[in-house]
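Enquirer: Can you keep this structure in mind? I'll have questions shortly.
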Amino acid sequence: MAKVAFLGLGVMGYPMARHLKAKGHDVTVYNRTGAKAEKWVSENGGRAAATPREAAEGQEIVFACVGNDEDLRQVTLGPDGAFQGMGAGTIFVDHSTASAEVARELDAAAKEKGFGFIDAPVSGGQAGAENGVLTVMCGGDAQTYARAEPVIMSFARACRLLGPAGSGQLTKMINQICIAGVVQGLAEGIHFGKKAGLDIEAVLDVISKGAAGSWQMENRGKTMNQGKFDFGFAVDWMRKDLSIVLGEARKNGASLPVTALVDQFYAEVQKMGGNRWDTSSLIARLEK
Ligand code: NAP
């Protein structure tokens with residue numbers, strides 16, 4: 001069992017840290033809004049720290065799951081950041097969805113201080129985190145990864161090293177590119193079916209068993225048909241992710257016309273007040 005810290009007890013981090021504790025690891029938590037850390041400790045035991053630096057001191061592995069690049073820099077590199085408290089030979093695992101650039105920057109800073117860094121964004125959403133069945137896409141060196149993987153598996157069903165630092169974030173970008181096109185296609189299919197006067201639930205039931213089937217159709221088809229979006233992965237987060245994707249594509253020359261278009265469609269959903277709606281709300285702009 002490992003001595004670990006978890007920084008960022010949001011929708012994802014709160015249950016991920018809970019799984020670490022349930023598997024028997026010694027867990028210290030840090031959350032910017034302290035009340036959430038106190039609540040976590042009252043429910044799960046363990047210890048709450050006042051700063052990321054204090055949380056990181058004396059740990060073998062420090063996990064983080066915060067918002068964007070800047071949030072990540074704040075909890076790692078600042079004077080009270082975790083990197084000031086990490087000992088030699090320890091590991092920092094970042095589960096935030098961020099740029100490949102910040103992953104490489106933190107990897108270099110970690111190497112300089114003598115500890116390991118793994119960028120490890122996740123897929124599977126809130127339900128995946130609650131149920132401990134996330135998919136984790138990792139970048140880093142093989143030795144560091146081999147030590148971190150068994151502990152990461154406390155809240156995952158799949159975890160894989162895909163290359164050097166930044167490769168986890170690049171893989172998560174591919175994940176988001178694939179989701180964007182699929183959700184728009186599903187939204188258009190349901191919209192078309194409604195205009196054609198078909199029973200959408202019956203349509204989805206049959207076509208989900210054929211070549212059109214997808215996780216999105218299986219899990220979001222019915223709720224899209226019902227116009228229910230008050231759950232899941234928020235449009236604001238998706239726009240953050242797509243902006244990272246489109247920034248990377250400008251650098252590597254990839255052509256992403258559908259992704260760029262869907263990003264604009266999400267901007268329209270935000271204008272409709274859908275910032276916190278689930279990403280399946282793309283259908284709402286077709287029906288307004
Ligand atoms: P969330 O519920 O908004 O939680 C964000 C967490 O980060 C909170 O604990 C917040 O602290 C902390 N935080 C943010 N900025 C900070 C800063 N500057 N300094 C210190 N702490 C800071 O977000 P989430 O849904 O858990 O998502 C976290 C990450 O996972 C994001 O990168 C997101 O893209 C990714 N992700 C989310 C999902 C999903 O379905 N939600 C799925 C896959 C990946 P406070 O409590 O003080 O605000």
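Scheme for the structure tokens: letters A, B, ... for chains in order shown; per-chain residue numbers from 1; ligand numbers from 1 in order shown.
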Taking only C-alpha atoms and all ligand atoms into account, report as a PyMOL selection string which residues have an atom no farther than 6 Å from an atom of ligand 1.
Expert: chain A and resi 8-13+31-33+65-68+71+74-75+96-97+122-123+125-126+232-233+237
Enquirer: DSSP on the backbone: what in region 114-270 of chain A comes out strand (DSSP E or B), as a list in words?
Expert: Gly116, Phe117, Ile118, Asp119, Val122, Ser123, Leu134, Thr135, Val136, Met137, Cys138, Gly139, Ala156, Arg157, Ala158, Cys159, Arg160, Leu161 and Ala234 of chain A
Enquirer: Would you save the residues of that selection, restricted to N, CA, C and O atoms, as a CSV table (one decimal), in the first residue's frame?
Expert:
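File out_29.csv, as written:
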chain,number,residue,atom,x,y,z
A,116,GLY,N,9.5,11.7,-10.6
A,116,GLY,CA,8.8,11.4,-11.8
A,116,GLY,C,7.5,12.1,-12.1
A,116,GLY,O,6.9,12.6,-11.2
A,117,PHE,N,7.2,12.2,-13.4
A,117,PHE,CA,5.9,12.8,-13.7
A,117,PHE,C,5.2,12.0,-14.8
A,117,PHE,O,5.8,11.5,-15.7
A,118,ILE,N,3.9,11.7,-14.6
A,118,ILE,CA,3.1,11.0,-15.6
A,118,ILE,C,1.9,11.9,-15.9
A,118,ILE,O,1.1,12.3,-15.0
A,119,ASP,N,1.6,12.3,-17.2
A,119,ASP,CA,0.4,12.9,-17.5
A,119,ASP,C,-0.6,11.8,-17.8
A,119,ASP,O,-0.3,10.8,-18.6
A,122,VAL,N,-8.1,11.3,-18.1
A,122,VAL,CA,-9.0,10.1,-18.0
A,122,VAL,C,-10.2,10.3,-18.9
A,122,VAL,O,-10.6,11.4,-19.3
A,123,SER,N,-10.9,9.2,-19.2
A,123,SER,CA,-12.2,9.2,-19.9
A,123,SER,C,-13.1,8.2,-19.1
A,123,SER,O,-12.7,7.3,-18.5
A,134,LEU,N,-12.5,4.1,-14.7
A,134,LEU,CA,-12.0,5.1,-15.7
A,134,LEU,C,-11.1,4.4,-16.7
A,134,LEU,O,-10.5,3.4,-16.4
A,135,THR,N,-10.9,5.1,-17.8
A,135,THR,CA,-9.8,4.7,-18.8
A,135,THR,C,-8.8,5.8,-18.6
A,135,THR,O,-9.1,7.0,-18.6
A,136,VAL,N,-7.5,5.4,-18.5
A,136,VAL,CA,-6.5,6.4,-18.2
A,136,VAL,C,-5.4,6.3,-19.3
A,136,VAL,O,-4.9,5.2,-19.6
A,137,MET,N,-5.1,7.4,-19.9
A,137,MET,CA,-4.2,7.5,-21.0
A,137,MET,C,-2.9,8.2,-20.5
A,137,MET,O,-2.9,9.4,-20.2
A,138,CYS,N,-1.8,7.5,-20.5
A,138,CYS,CA,-0.6,8.0,-19.9
A,138,CYS,C,0.6,8.3,-20.8
A,138,CYS,O,0.8,7.7,-21.8
A,139,GLY,N,1.3,9.4,-20.3
A,139,GLY,CA,2.6,9.7,-21.0
A,139,GLY,C,3.7,9.8,-19.9
A,139,GLY,O,3.4,10.3,-18.8
A,156,ALA,N,-9.5,2.6,-12.0
A,156,ALA,CA,-9.6,2.5,-13.4
A,156,ALA,C,-9.8,1.1,-13.8
A,156,ALA,O,-9.6,0.1,-13.1
A,157,ARG,N,-10.4,0.9,-15.0
A,157,ARG,CA,-10.4,-0.5,-15.6
A,157,ARG,C,-9.4,-0.7,-16.7
A,157,ARG,O,-9.2,-1.8,-17.1
A,158,ALA,N,-8.9,0.5,-17.2
A,158,ALA,CA,-7.9,0.4,-18.3
A,158,ALA,C,-6.9,1.5,-18.1
A,158,ALA,O,-7.3,2.6,-17.8
A,159,CYS,N,-5.6,1.2,-18.2
A,159,CYS,CA,-4.6,2.2,-18.0
A,159,CYS,C,-3.4,1.8,-19.0
A,159,CYS,O,-3.0,0.6,-19.0
A,160,ARG,N,-2.9,2.7,-19.7
A,160,ARG,CA,-1.9,2.4,-20.7
A,160,ARG,C,-0.9,3.5,-20.9
A,160,ARG,O,-1.3,4.7,-21.0
A,161,LEU,N,0.4,3.1,-21.0
A,161,LEU,CA,1.4,4.1,-21.3
A,161,LEU,C,1.5,4.2,-22.9
A,161,LEU,O,1.7,3.2,-23.5
A,234,ALA,N,-19.7,18.7,-18.9
A,234,ALA,CA,-20.2,20.0,-19.3
A,234,ALA,C,-19.6,20.6,-20.6
A,234,ALA,O,-18.4,20.4,-20.9
Enquirer: Counting only C-alpha atoms, which residue out of A:Arg18, A:Lys222, A:Arg285, A:Arg73 sits closest to Ser99 (chain A)?
Expert: A:Arg73
Enquirer: Nearest residue to Lys23 (chain A) out of A:Ala212, A:Ala55, A:Val151, A:Ala49, using only C-alpha atoms?
Expert: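 Counting only C-alpha atoms, the residue closest to Lys23 (chain A) is A:Val151.
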Enquirer: DSSP on the backbone: what in region 74-213 of chain A comes out alpha helix (DSSP H), as a PyMOL selection string?
Expert: chain A and resi 74-77+100-113+125-131+142-152+167-195+200-207
Enquirer: Could you pull the residues within 8 Å of Ala148 (chain A), counting only C-alpha atoms, minus those fewer than 4 positions along the same chain, as a VMD selection string?
Expert: chain A and resid 61 91 93 144 152
Enquirer: Provide the CA of Asn219 (chain A) to CA of Ile244 (chain A) distance in Å, to one decimal place.
Expert: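 These two atoms are separated by 25.6 Å.
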Enquirer: Got a sec: who's within 10 Å of Tyr30 (chain A), counting only C-alpha atoms, leaving out chain neighbours fewer than 5 positions off, as number ranges by chain?
Expert: A: 5-9, 36-38, 40, 47-56, 64, 75
Enquirer: Only all heavy atoms, please: the residues just picked out, written as a short mmCIF file (atom, residue, chain, number, x, y, z; two decimals), in the first residue's frame.
Expert:
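Generated file (part30.cif):
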data_model
loop_
_atom_site.label_atom_id
_atom_site.label_comp_id
_atom_site.auth_asym_id
_atom_site.auth_seq_id
_atom_site.Cartn_x
_atom_site.Cartn_y
_atom_site.Cartn_z
N ALA A 5 -1.17 11.44 -1.97
CA ALA A 5 -1.99 12.64 -1.78
C ALA A 5 -2.84 12.82 -3.02
O ALA A 5 -2.46 12.39 -4.12
CB ALA A 5 -1.10 13.86 -1.57
N PHE A 6 -4.01 13.44 -2.86
CA PHE A 6 -4.87 13.76 -4.01
C PHE A 6 -5.23 15.24 -3.95
O PHE A 6 -5.80 15.71 -2.96
CB PHE A 6 -6.14 12.88 -4.01
CG PHE A 6 -6.69 12.73 -5.39
CD1 PHE A 6 -6.55 11.54 -6.09
CD2 PHE A 6 -7.33 13.81 -6.03
CE1 PHE A 6 -7.03 11.41 -7.40
CE2 PHE A 6 -7.80 13.69 -7.34
CZ PHE A 6 -7.66 12.48 -8.01
N LEU A 7 -4.91 15.98 -5.02
CA LEU A 7 -5.17 17.42 -5.09
C LEU A 7 -6.33 17.68 -6.04
O LEU A 7 -6.24 17.32 -7.21
CB LEU A 7 -3.93 18.16 -5.62
CG LEU A 7 -2.55 17.72 -5.09
CD1 LEU A 7 -1.45 18.50 -5.79
CD2 LEU A 7 -2.48 17.92 -3.58
N GLY A 8 -7.41 18.29 -5.54
CA GLY A 8 -8.55 18.63 -6.40
C GLY A 8 -9.68 17.64 -6.25
O GLY A 8 -9.72 16.61 -6.93
N LEU A 9 -10.61 17.95 -5.33
CA LEU A 9 -11.72 17.03 -5.05
C LEU A 9 -12.99 17.51 -5.74
O LEU A 9 -13.99 17.81 -5.10
CB LEU A 9 -11.93 16.92 -3.53
CG LEU A 9 -10.70 16.46 -2.73
CD1 LEU A 9 -10.96 16.56 -1.23
CD2 LEU A 9 -10.31 15.02 -3.12
N LYS A 36 -14.59 21.26 1.27
CA LYS A 36 -14.78 20.00 0.52
C LYS A 36 -13.81 18.93 1.01
O LYS A 36 -14.14 17.75 1.10
CB LYS A 36 -14.55 20.26 -0.97
CG LYS A 36 -15.72 19.82 -1.84
CD LYS A 36 -15.35 19.89 -3.31
CE LYS A 36 -15.88 21.12 -3.98
NZ LYS A 36 -15.48 21.21 -5.40
N ALA A 37 -12.58 19.37 1.35
CA ALA A 37 -11.58 18.42 1.86
C ALA A 37 -12.01 17.91 3.24
O ALA A 37 -11.87 16.72 3.53
CB ALA A 37 -10.21 19.09 1.94
N GLU A 38 -12.56 18.82 4.07
CA GLU A 38 -13.02 18.41 5.41
C GLU A 38 -14.15 17.39 5.27
O GLU A 38 -14.20 16.39 5.98
CB GLU A 38 -13.52 19.63 6.22
CG GLU A 38 -12.45 20.68 6.50
CD GLU A 38 -11.24 20.15 7.26
OE1 GLU A 38 -11.38 19.13 7.97
OE2 GLU A 38 -10.14 20.72 7.11
N TRP A 40 -14.67 15.39 2.75
CA TRP A 40 -14.10 14.13 2.25
C TRP A 40 -13.51 13.33 3.41
O TRP A 40 -13.76 12.13 3.53
CB TRP A 40 -13.02 14.43 1.19
CG TRP A 40 -12.57 13.20 0.45
CD1 TRP A 40 -13.03 12.74 -0.75
CD2 TRP A 40 -11.57 12.25 0.88
NE1 TRP A 40 -12.40 11.57 -1.08
CE2 TRP A 40 -11.50 11.24 -0.11
CE3 TRP A 40 -10.74 12.15 1.99
CZ2 TRP A 40 -10.62 10.15 -0.03
CZ3 TRP A 40 -9.87 11.06 2.09
CH2 TRP A 40 -9.81 10.08 1.09
N ARG A 47 -6.53 12.36 5.86
CA ARG A 47 -6.09 13.63 6.42
C ARG A 47 -6.25 14.72 5.36
O ARG A 47 -6.07 14.45 4.17
CB ARG A 47 -4.60 13.48 6.77
CG ARG A 47 -3.99 14.53 7.64
CD ARG A 47 -2.55 14.14 8.01
NE ARG A 47 -1.63 14.27 6.88
CZ ARG A 47 -0.96 15.38 6.58
NH1 ARG A 47 -1.09 16.47 7.32
NH2 ARG A 47 -0.15 15.42 5.53
N ALA A 48 -6.58 15.94 5.80
CA ALA A 48 -6.65 17.06 4.85
C ALA A 48 -5.45 17.97 5.09
O ALA A 48 -5.07 18.20 6.24
CB ALA A 48 -7.94 17.84 5.06
N ALA A 49 -4.86 18.48 4.00
CA ALA A 49 -3.72 19.40 4.12
C ALA A 49 -4.17 20.79 3.66
O ALA A 49 -5.09 20.93 2.86
CB ALA A 49 -2.56 18.91 3.25
N ALA A 50 -3.47 21.82 4.18
CA ALA A 50 -3.88 23.20 3.91
C ALA A 50 -3.38 23.70 2.55
O ALA A 50 -3.96 24.62 1.98
CB ALA A 50 -3.38 24.11 5.03
N THR A 51 -2.28 23.13 2.05
CA THR A 51 -1.73 23.56 0.76
C THR A 51 -1.28 22.33 -0.04
O THR A 51 -1.02 21.27 0.55
CB THR A 51 -0.47 24.46 0.95
OG1 THR A 51 0.56 23.66 1.58
CG2 THR A 51 -0.76 25.68 1.81
N PRO A 52 -1.13 22.47 -1.36
CA PRO A 52 -0.62 21.35 -2.16
C PRO A 52 0.76 20.92 -1.69
O PRO A 52 1.07 19.73 -1.64
CB PRO A 52 -0.56 21.92 -3.58
CG PRO A 52 -1.53 23.05 -3.60
CD PRO A 52 -1.53 23.62 -2.22
N ARG A 53 1.58 21.90 -1.30
CA ARG A 53 2.94 21.60 -0.83
C ARG A 53 2.88 20.70 0.41
O ARG A 53 3.56 19.66 0.47
CB ARG A 53 3.65 22.91 -0.50
CG ARG A 53 5.02 22.71 0.06
CD ARG A 53 5.64 24.04 0.49
NE ARG A 53 7.03 23.84 0.81
CZ ARG A 53 7.97 24.76 0.65
NH1 ARG A 53 7.67 25.93 0.16
NH2 ARG A 53 9.21 24.49 0.97
N GLU A 54 2.04 21.10 1.38
CA GLU A 54 1.91 20.32 2.62
C GLU A 54 1.36 18.92 2.31
O GLU A 54 1.81 17.92 2.88
CB GLU A 54 0.99 21.07 3.57
CG GLU A 54 0.92 20.49 4.97
CD GLU A 54 -0.19 21.14 5.78
OE1 GLU A 54 -0.31 22.40 5.77
OE2 GLU A 54 -0.96 20.39 6.41
N ALA A 55 0.41 18.86 1.38
CA ALA A 55 -0.18 17.55 1.02
C ALA A 55 0.88 16.62 0.42
O ALA A 55 0.87 15.42 0.65
CB ALA A 55 -1.32 17.75 0.03
N ALA A 56 1.81 17.20 -0.36
CA ALA A 56 2.80 16.38 -1.09
C ALA A 56 3.93 15.88 -0.20
O ALA A 56 4.58 14.88 -0.54
CB ALA A 56 3.37 17.21 -2.24
N ALA A 64 -3.27 14.61 -9.04
CA ALA A 64 -4.02 15.86 -9.16
C ALA A 64 -5.11 15.68 -10.20
O ALA A 64 -4.94 14.93 -11.17
CB ALA A 64 -3.09 17.00 -9.56
N VAL A 75 -1.20 24.61 -8.77
CA VAL A 75 -1.08 23.60 -7.70
C VAL A 75 0.27 22.89 -7.71
O VAL A 75 0.60 22.19 -6.77
CB VAL A 75 -2.22 22.54 -7.72
CG1 VAL A 75 -3.57 23.18 -7.48
CG2 VAL A 75 -2.21 21.70 -8.96
#
Enquirer: Residues near Gln216 (chain A), anyone? I mean within 12 Å using only C-alpha atoms, not counting same-chain ones fewer than 6 positions away, as an NGL selection string.
Expert: :A and (124 or 178-187 or 204 or 208 or 222-224 or 232 or 278-281)
Enquirer: Pick out the closest residue to Leu20 (chain A) from this set: A:Trp215, A:Phe83, A:Phe115, A:Phe155. Count only C-alpha atoms.
Expert: A:Phe155
Enquirer: Residues near Val269 (chain A), anyone? I mean within 12 Å using only C-alpha atoms, not counting same-chain ones fewer than 6 positions away, as a list in words.
Expert: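 Everything that qualifies: Phe229, Ala234, Val235, Asp236, Met238, Arg239, Val262, Asp263, Asn275, Arg276, Trp277, Asp278, Thr279, Ser280, Ser281, Leu282, Ile283, Ala284, Arg285, Leu286, Glu287 and Lys288 of chain A.
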Enquirer: How many Å separate CA of Glu60 (chain A) from CA of Thr28 (chain A)?
Expert: 11.4 Å
Enquirer: Measuring atom to atom with only C-alpha atoms, identify which of A:Ala100, A:Ala267, A:Ile177, A:Val133 is nearest to Ser255 (chain A).
Expert: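 Selected residue with least distance to Ser255 (chain A): A:Ile177.
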Enquirer: Of the residues A:Gly140, A:Gly221, A:Gly166, A:Pro150, which is the one nearest to Ile200 (chain A), using only C-alpha atoms?
Expert: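 Looking only at the distances to Ile200 (chain A), the closest residue turns out to be A:Gly221.
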Enquirer: A:Leu170, A:Met153, A:Ala165, A:Ala254: which is nearest Ala110 (chain A), counting only C-alpha atoms?
Expert: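 Ranked by minimum distance to Ala110 (chain A), first place goes to A:Ala165.
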